[in-house]
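*Asks:* Here you go, one structure.
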Amino acid sequence: MNLKEKVKNLPFTPGVYLMKDQNGTVIYVGKAKSLKKRVQSYFQNSAAHPQKIKKMVANINDFHVLHTDTEFEAFLLECKLIKELQPLFNKKMKSHLPYSYIAIKMDGPFRKISIASDKSEGGGTIYFGPYTSMIYVKKAIENLKEYFKINCLQPLKGSPCLNYTLGKCNGLCIGGSGVEKYNKIVERFISFLQGSHAEILEELEQKMNQASEKYQFEEAAKYRNYMKSLSILLYKENMIQFTEGNKNIVVVERINDRTLKVFLIKGHNIIFSKQYHREKFRDLSEEIRETIFYFFQQNKKRDPVVIGKEELDEAQIIYSYLNGSNSRFIVIPEEWLDGSESEKLDESINQLLNA
């Protein structure tokens, strides 16, 4: 059977596909909401494909598919297989930039912002991240310094630096009140990354809109770029904080009119998943409650979740999924697991199943 004939037999269901070369080596792993549509796309309209895709397709001799119940599971399986198999074309098609952290040194007369490849213990430094692109983090910090005018070239030298004369430095170089202003801005940035100072984005959006109304489109584009870079930093940090909260999460996803799937998530791990059919929905609430008690109690004493480079991809997939428009989930507070809040738990489960 040739490849195009093999594609015709694929289902319109979620899963992961593994492209193989003539030696049977997996050269690419991908996920799909519809296996047939996704795999078929590689062998159609080839002239419109990017050069990297054309090279990959030219090396495909066979493919293998793994079926999943949901697209969410396909995302996680794809991530797992890429890490395990390290396929050649996944490496080529994804820019593997080094992971990085934003490091803010809190001791000394002024706060020092830098980029680090790893966390160091002690030293009076606050870390945010990890982030998947050092280049993007560098650009975000440059935008921050430019917007708040804290791009000082010679801190505490006692005389104005070149950027001070150009209006890009608020006077950290001179000292005095400039140091206090600088530290307040950095502390505001810290609060922003901690999720309690989001008005920075509102402020930027307002300035962008004002510039657009005055037909200052270059200025508006600059504020838009500031917003974009800071928004991504905030999204990543919110994702890490949410995951490290080690929350007890119950997710329900409908596969079709007669079937649904339940996931229990703790941190960045799926600790339970099961498919249920409509004829059993009547007894489902009680069964799920018992499952919740069993699995979340079993995982109650786990060590705190710390999201590092190895856990980042799974954490991001889960966080993006939970914040997607089609996701239905509830977070179970720890106090509900001691049995004293069973009515609240039952009510939440019923609402989740009937939504």
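Chain labels run A, B, ... following the order of the structure tokens; each chain numbers its residues from 1, and ligands are numbered from 1 in the order shown.
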I'd like the contact shell of Ile330 in chain A - 7 Å cut-off, only C-alpha atoms, skipping same-chain residues fewer than 5 positions apart - returned as JSON, numbers by chain.

*Replies:* {"A": [249, 250, 251]}

*Asks:* Just to be explicit: take each residue in the selection above, keep N, CA and C atoms, and write the result as a PDB file, in the first residue's frame.

*Replies:*
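Here's the written file out.pdb:
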```pdb
ATOM      1  N   ILE A 249      -7.170  19.492  40.108  1.00  0.00           N
ATOM      2  CA  ILE A 249      -7.980  19.917  38.968  1.00  0.00           C
ATOM      3  C   ILE A 249      -8.733  18.719  38.380  1.00  0.00           C
ATOM      4  N   VAL A 250     -10.040  18.908  38.192  1.00  0.00           N
ATOM      5  CA  VAL A 250     -10.877  17.898  37.555  1.00  0.00           C
ATOM      6  C   VAL A 250     -11.337  18.450  36.214  1.00  0.00           C
ATOM      7  N   VAL A 251     -11.054  17.727  35.136  1.00  0.00           N
ATOM      8  CA  VAL A 251     -11.397  18.160  33.779  1.00  0.00           C
ATOM      9  C   VAL A 251     -12.363  17.155  33.163  1.00  0.00           C
TER      10      VAL A 251
END
```

*Asks:* For the structure I just gave you, how does DSSP split range 294-345 of chain A - specifically, which residues are strand (DSSP E)? Reply as a VMD selection string.

*Replies:* chain A and resid 328 to 332

*Asks:* Export C-alpha atoms of the chosen residues as a short mmCIF file (atom, residue, chain, number, x, y, z; two decimals), in the first residue's frame?

*Replies:*
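Result file follows (again30.cif):
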```cif
data_model
loop_
_atom_site.label_atom_id
_atom_site.label_comp_id
_atom_site.auth_asym_id
_atom_site.auth_seq_id
_atom_site.Cartn_x
_atom_site.Cartn_y
_atom_site.Cartn_z
CA ARG A 328 -14.44 22.54 31.34
CA PHE A 329 -12.77 22.06 34.69
CA ILE A 330 -13.00 22.74 38.42
CA VAL A 331 -10.31 23.24 41.04
CA ILE A 332 -10.90 21.28 44.24
#
```

*Asks:* Tell me which of A:Gln241, A:Asn225, A:Gln194, A:Asn350 sits closest to Glu287 in chain A, counting only C-alpha atoms.

*Replies:* A:Asn350

*Asks:* Restricting the calculation to only C-alpha atoms: of A:Ser212, A:Ser273, A:Gln86, A:Asn248, which residue gets closest to Gln297 in chain A?

*Replies:* A:Asn248

*Asks:* Would you mind writing down, as a list in words, each residue of range 259-302 of chain A that DSSP on the backbone assigns to helix (DSSP H, G or I)?

*Replies:* Arg278, Glu279, Lys280, Phe281, Arg282, Asp283, Leu284, Ser285, Glu286, Glu287, Ile288, Arg289, Glu290, Thr291, Ile292, Phe293, Tyr294, Phe295, Phe296, Gln297 and Gln298 of chain A

*Asks:* Take the selection from the previous step and output its residues with N, CA, C and O atoms, as a compact mmCIF listing (two decimals), in the first residue's frame.

*Replies:*
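selection17.txt was written with the following content:
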```
# COMPACT_ATOMS: atom_id res chain seq x y z
N ARG A 278 -22.63 7.29 28.23
CA ARG A 278 -23.83 7.97 28.66
C ARG A 278 -24.74 7.11 29.54
O ARG A 278 -25.34 7.61 30.49
N GLU A 279 -24.82 5.80 29.29
CA GLU A 279 -25.73 4.98 30.07
C GLU A 279 -25.32 4.92 31.54
O GLU A 279 -26.12 4.55 32.41
N LYS A 280 -24.08 5.31 31.83
CA LYS A 280 -23.60 5.30 33.21
C LYS A 280 -23.54 6.70 33.82
O LYS A 280 -23.08 6.86 34.94
N PHE A 281 -24.02 7.72 33.08
CA PHE A 281 -23.94 9.09 33.58
C PHE A 281 -24.71 9.25 34.89
O PHE A 281 -24.36 10.08 35.72
N ARG A 282 -25.75 8.47 35.07
CA ARG A 282 -26.60 8.62 36.24
C ARG A 282 -25.81 8.40 37.53
O ARG A 282 -26.01 9.07 38.53
N ASP A 283 -24.89 7.43 37.50
CA ASP A 283 -24.09 7.11 38.68
C ASP A 283 -22.71 7.76 38.64
O ASP A 283 -21.87 7.48 39.50
N LEU A 284 -22.51 8.63 37.66
CA LEU A 284 -21.17 9.15 37.42
C LEU A 284 -20.69 10.08 38.53
O LEU A 284 -19.53 10.03 38.93
N SER A 285 -21.58 10.93 39.03
CA SER A 285 -21.19 11.92 40.03
C SER A 285 -20.58 11.25 41.26
O SER A 285 -19.54 11.65 41.76
N GLU A 286 -21.24 10.20 41.74
CA GLU A 286 -20.74 9.50 42.93
C GLU A 286 -19.41 8.81 42.65
O GLU A 286 -18.49 8.85 43.48
N GLU A 287 -19.29 8.20 41.47
CA GLU A 287 -18.04 7.52 41.13
C GLU A 287 -16.89 8.49 41.02
O GLU A 287 -15.77 8.22 41.50
N ILE A 288 -17.14 9.65 40.41
CA ILE A 288 -16.09 10.66 40.26
C ILE A 288 -15.68 11.20 41.63
O ILE A 288 -14.50 11.42 41.90
N ARG A 289 -16.65 11.42 42.51
CA ARG A 289 -16.34 11.91 43.86
C ARG A 289 -15.40 10.93 44.58
O ARG A 289 -14.41 11.34 45.19
N GLU A 290 -15.70 9.65 44.50
CA GLU A 290 -14.85 8.65 45.14
C GLU A 290 -13.46 8.63 44.52
O GLU A 290 -12.45 8.48 45.22
N THR A 291 -13.41 8.78 43.20
CA THR A 291 -12.12 8.80 42.49
C THR A 291 -11.31 10.02 42.91
O THR A 291 -10.09 9.93 43.12
N ILE A 292 -11.97 11.17 43.03
CA ILE A 292 -11.31 12.41 43.45
C ILE A 292 -10.68 12.22 44.83
O ILE A 292 -9.51 12.55 45.05
N PHE A 293 -11.46 11.71 45.77
CA PHE A 293 -10.96 11.50 47.12
C PHE A 293 -9.74 10.57 47.10
O PHE A 293 -8.72 10.86 47.74
N TYR A 294 -9.85 9.49 46.36
CA TYR A 294 -8.78 8.50 46.37
C TYR A 294 -7.48 9.07 45.78
O TYR A 294 -6.42 9.02 46.43
N PHE A 295 -7.55 9.61 44.57
CA PHE A 295 -6.33 10.03 43.88
C PHE A 295 -5.73 11.30 44.46
O PHE A 295 -4.50 11.41 44.60
N PHE A 296 -6.57 12.29 44.81
CA PHE A 296 -6.01 13.52 45.35
C PHE A 296 -5.49 13.33 46.77
O PHE A 296 -4.52 13.98 47.17
N GLN A 297 -6.13 12.47 47.54
CA GLN A 297 -5.61 12.16 48.88
C GLN A 297 -4.27 11.44 48.76
O GLN A 297 -3.35 11.68 49.54
N GLN A 298 -4.15 10.53 47.77
CA GLN A 298 -2.90 9.80 47.55
C GLN A 298 -1.75 10.75 47.22
O GLN A 298 -0.60 10.49 47.56
```

*Asks:* Would you mind listing what lies within 12 Å of Lys228 in chain A as a ChimeraX atom specification, with only C-alpha atoms counted and same-chain residues fewer than 3 positions away left out?

*Replies:* /A:136-137,139-140,143-144,200-201,204-205,208,221-225,231-235

*Asks:* Using only C-alpha atoms, which protein or nucleic acid residues come within 8 Å of range 157-159 of chain A? Drop anything in the same chain fewer than 5 positions from it, and give the result as JSON, numbers by chain.

*Replies:* {"A": [173, 174, 175]}

*Asks:* May I ask for the distance between CA of Ala74 in chain A and CA of Gly15 in chain A, given in Å to one decimal place?

*Replies:*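 These two atoms are separated by 5.0 Å.
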